[in-house]
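To start, the structure itself, in structure tokens.
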Amino acid sequence: HEWEKKKKAMETSTRLTPHELPFSSSRVHLEEVNQVVKVILTHTERLNAITPEMYMLISQAINYASHSNKVNLVYFTGFGRYFCSGNDLKYFQKMRNESPIAWIKIASESMTAFYDAFINCSKPIFAAVNGPAIGVGFTILALCDVVYCSPSATFYAPFTETRQSPEACSTYLFPKIFGKSLATEILYLGKRLTAHEALLAGYVSGLVDDTGFEETCLKKAREFASVLPEAVRRCKRVVSSRERKRLLKINRKEVAAEAE
């Protein structure tokens with residue numbers, strides 16, 4: 001019964017118009033300032049692990065930014081020691097045990113909406129990786145436009161270890177980014193990457209010292225947002241139009257595999 005209530009609440013939340021920025025929660029801080037929508041993971045007691053409600057809230061915020069004439073960029077980061085520790089597996093397992101049918105619907109819809117929002121976003125998404133990026137915290141960066149990270153950041157996708165399926169179109173994007181061999185080790189064997197390895201692979205644009213990390217990244221993001229917005233949107237539209245339909249299709253296949 002509890003999960004049925006959650007499902008109804010999430011279904012209602014999906015009807016939020018894209019012209020409204022959702023309210024923050026205790027797990028996700030949302031803020032619009034100087035033509036930038038800031039999305040900050042604040043679920044620190046679980047190392048910024050993501051729940052279905054967080055998936056929906058973030059997707060709504062990105063959809064708002066994509067449609068708003070007042071927003072030029074999305075800034076995505078984490079608060080505390082971790083950027084994101086992946087899915088909140090404890091929360092997901094509780095859902096699965098208490099209401100298997102509701103779990104499948106909630107998980108599938110929230111994940112699909114989340115990845116779709118990144119794929120469809122018309123504005124650049126700037127990710128500032130302040131610490132370890134695990135699971136979806138790692139893979140979602142491939143759907144961002146610009147990524148900077150702390151020198152202490154690490155990247156890890158323990159899908160086989162946690163018996164999960166790869167997500168965020170990583171089955172398609174990782175081989176393109178890392179090459180087939182390294183991508184296979186990352187996705188199948190859980191190979192960890194250091195910040196320097198991610199930089200060498202082109203997964204991040206640069207490393208930002210831990211001291212003053214947030215200030216430096218925000219400055220870079222604001223500089224990016226100040227570039228002629230229509231020209232940037234047009235450029236992104238041309239670059240992403242070739243891949244959008246394919247990514248949306250791959251997203252649905254990966255989400256379906258995860259829900260099995």
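Identifiers in this document derive from the order of the structure tokens: chains are assigned A, B, ..., residues are numbered from 1 separately in each chain, and ligands are numbered from 1 in order of occurrence.
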
Query - Residues near stretch 137-151 of chain A, cut-off 8 Å, only C-alpha atoms, skip fewer than 5 positions along chain, as a ChimeraX atom specification - result: /A:83-86,115,118-119,124-131,156-157,167-170,173-174,195-196,203-210,213,217

Please report, as JSON lines, each residue of stretch 130-182 of chain A lying at most 10 Å from stretch 87-96 of chain A, together with the nearest pair of atoms and the separation in Å rounded to one decimal; use only C-alpha atoms, and order rows by chain and ascending residue number.
```
{"residue": "A:Ile134", "atom": "CA", "partner": "A:Asn87", "partner_atom": "CA", "distance": 8.7}
{"residue": "A:Gly135", "atom": "CA", "partner": "A:Asn87", "partner_atom": "CA", "distance": 7.1}
{"residue": "A:Val136", "atom": "CA", "partner": "A:Asn87", "partner_atom": "CA", "distance": 6.8}
{"residue": "A:Gly137", "atom": "CA", "partner": "A:Asn87", "partner_atom": "CA", "distance": 8.4}
{"residue": "A:Thr162", "atom": "CA", "partner": "A:Leu89", "partner_atom": "CA", "distance": 8.7}
{"residue": "A:Gln164", "atom": "CA", "partner": "A:Asn87", "partner_atom": "CA", "distance": 9.9}
```

If you keep all heavy atoms, can you produce a file of those selected residues as a PDB file, in the first residue's frame?
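Writing done, so here's selection32.pdb:
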```
ATOM      1  N   ILE A 134      29.962   6.455  -8.809  1.00  0.00           N
ATOM      2  CA  ILE A 134      29.750   5.009  -8.862  1.00  0.00           C
ATOM      3  C   ILE A 134      28.435   4.699  -9.577  1.00  0.00           C
ATOM      4  O   ILE A 134      27.444   5.403  -9.397  1.00  0.00           O
ATOM      5  CB  ILE A 134      29.729   4.414  -7.436  1.00  0.00           C
ATOM      6  CG1 ILE A 134      31.046   4.732  -6.718  1.00  0.00           C
ATOM      7  CG2 ILE A 134      29.494   2.905  -7.465  1.00  0.00           C
ATOM      8  CD1 ILE A 134      31.054   4.357  -5.246  1.00  0.00           C
ATOM      9  N   GLY A 135      28.413   3.626 -10.357  1.00  0.00           N
ATOM     10  CA  GLY A 135      27.187   3.209 -11.026  1.00  0.00           C
ATOM     11  C   GLY A 135      26.633   4.315 -11.909  1.00  0.00           C
ATOM     12  O   GLY A 135      27.329   4.851 -12.774  1.00  0.00           O
ATOM     13  N   VAL A 136      25.375   4.677 -11.675  1.00  0.00           N
ATOM     14  CA  VAL A 136      24.757   5.735 -12.461  1.00  0.00           C
ATOM     15  C   VAL A 136      25.500   7.059 -12.283  1.00  0.00           C
ATOM     16  O   VAL A 136      25.499   7.905 -13.195  1.00  0.00           O
ATOM     17  CB  VAL A 136      23.265   5.892 -12.091  1.00  0.00           C
ATOM     18  CG1 VAL A 136      23.086   6.295 -10.629  1.00  0.00           C
ATOM     19  CG2 VAL A 136      22.580   6.900 -12.989  1.00  0.00           C
ATOM     20  N   GLY A 137      26.168   7.254 -11.159  1.00  0.00           N
ATOM     21  CA  GLY A 137      26.971   8.447 -10.971  1.00  0.00           C
ATOM     22  C   GLY A 137      28.115   8.537 -11.966  1.00  0.00           C
ATOM     23  O   GLY A 137      28.583   9.632 -12.305  1.00  0.00           O
ATOM     24  N   THR A 162      26.903  -6.095  -8.314  1.00  0.00           N
ATOM     25  CA  THR A 162      25.619  -5.780  -7.686  1.00  0.00           C
ATOM     26  C   THR A 162      24.442  -6.399  -8.433  1.00  0.00           C
ATOM     27  O   THR A 162      23.293  -6.158  -8.087  1.00  0.00           O
ATOM     28  CB  THR A 162      25.422  -4.260  -7.621  1.00  0.00           C
ATOM     29  OG1 THR A 162      25.499  -3.710  -8.946  1.00  0.00           O
ATOM     30  CG2 THR A 162      26.485  -3.614  -6.741  1.00  0.00           C
ATOM     31  N   GLN A 164      23.275  -5.745 -11.369  1.00  0.00           N
ATOM     32  CA  GLN A 164      22.488  -4.745 -12.076  1.00  0.00           C
ATOM     33  C   GLN A 164      22.908  -4.719 -13.541  1.00  0.00           C
ATOM     34  O   GLN A 164      23.951  -5.265 -13.919  1.00  0.00           O
ATOM     35  CB  GLN A 164      22.706  -3.356 -11.467  1.00  0.00           C
ATOM     36  CG  GLN A 164      22.165  -3.189 -10.063  1.00  0.00           C
ATOM     37  CD  GLN A 164      22.392  -1.782  -9.558  1.00  0.00           C
ATOM     38  OE1 GLN A 164      23.488  -1.417  -9.161  1.00  0.00           O
ATOM     39  NE2 GLN A 164      21.346  -0.974  -9.586  1.00  0.00           N
TER      40      GLN A 164
END
```

With stretch 54-67 of chain A as the partner and 7 Å as the cut-off, tabulate the residues of stretch 80-144 of chain A that qualify, each row holding the nearest pair of atoms and their distance in Å to one decimal, using only C-alpha atoms, sorted by chain and rising number, as a tab-separated table.
```
residue	atom	partner	partner_atom	distance
A:Ser110	CA	A:Met56	CA	5.5
A:Met111	CA	A:Tyr55	CA	6.4
A:Ala113	CA	A:Ser59	CA	6.2
A:Phe114	CA	A:Ser59	CA	4.7
A:Ala117	CA	A:Ser59	CA	5.3
A:Cys121	CA	A:Ser66	CA	5.1
A:Ser122	CA	A:Ser66	CA	5.0
A:Lys123	CA	A:Ser66	CA	5.6
```

Next on the checklist: What's around A:Arg81 at 10 Å? Count only C-alpha atoms, leave out sequence neighbours fewer than 3 positions away in its own chain, and write the answer as a PyMOL selection string.
Outcome noted: chain A and resi 44+47-48+78+84+130-132+152-153

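Taking only stretch 135-171 of chain A, the residues that DSSP calls strand (DSSP E) from the backbone come to A:Val146, A:Val147, A:Tyr148, A:Cys149, A:Thr154, A:Phe155, A:Tyr156.
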
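Distance check against A:Arg222 using only C-alpha atoms: of A:Ile40, A:Ala107, A:Leu73, A:Ala49, the minimum falls on A:Leu73.
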
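In terms of minimum interatomic distance to A:Ala225, A:Val74 ranks closest within A:Val74, A:Leu200, A:Val39, A:Ala133, counting only C-alpha atoms.
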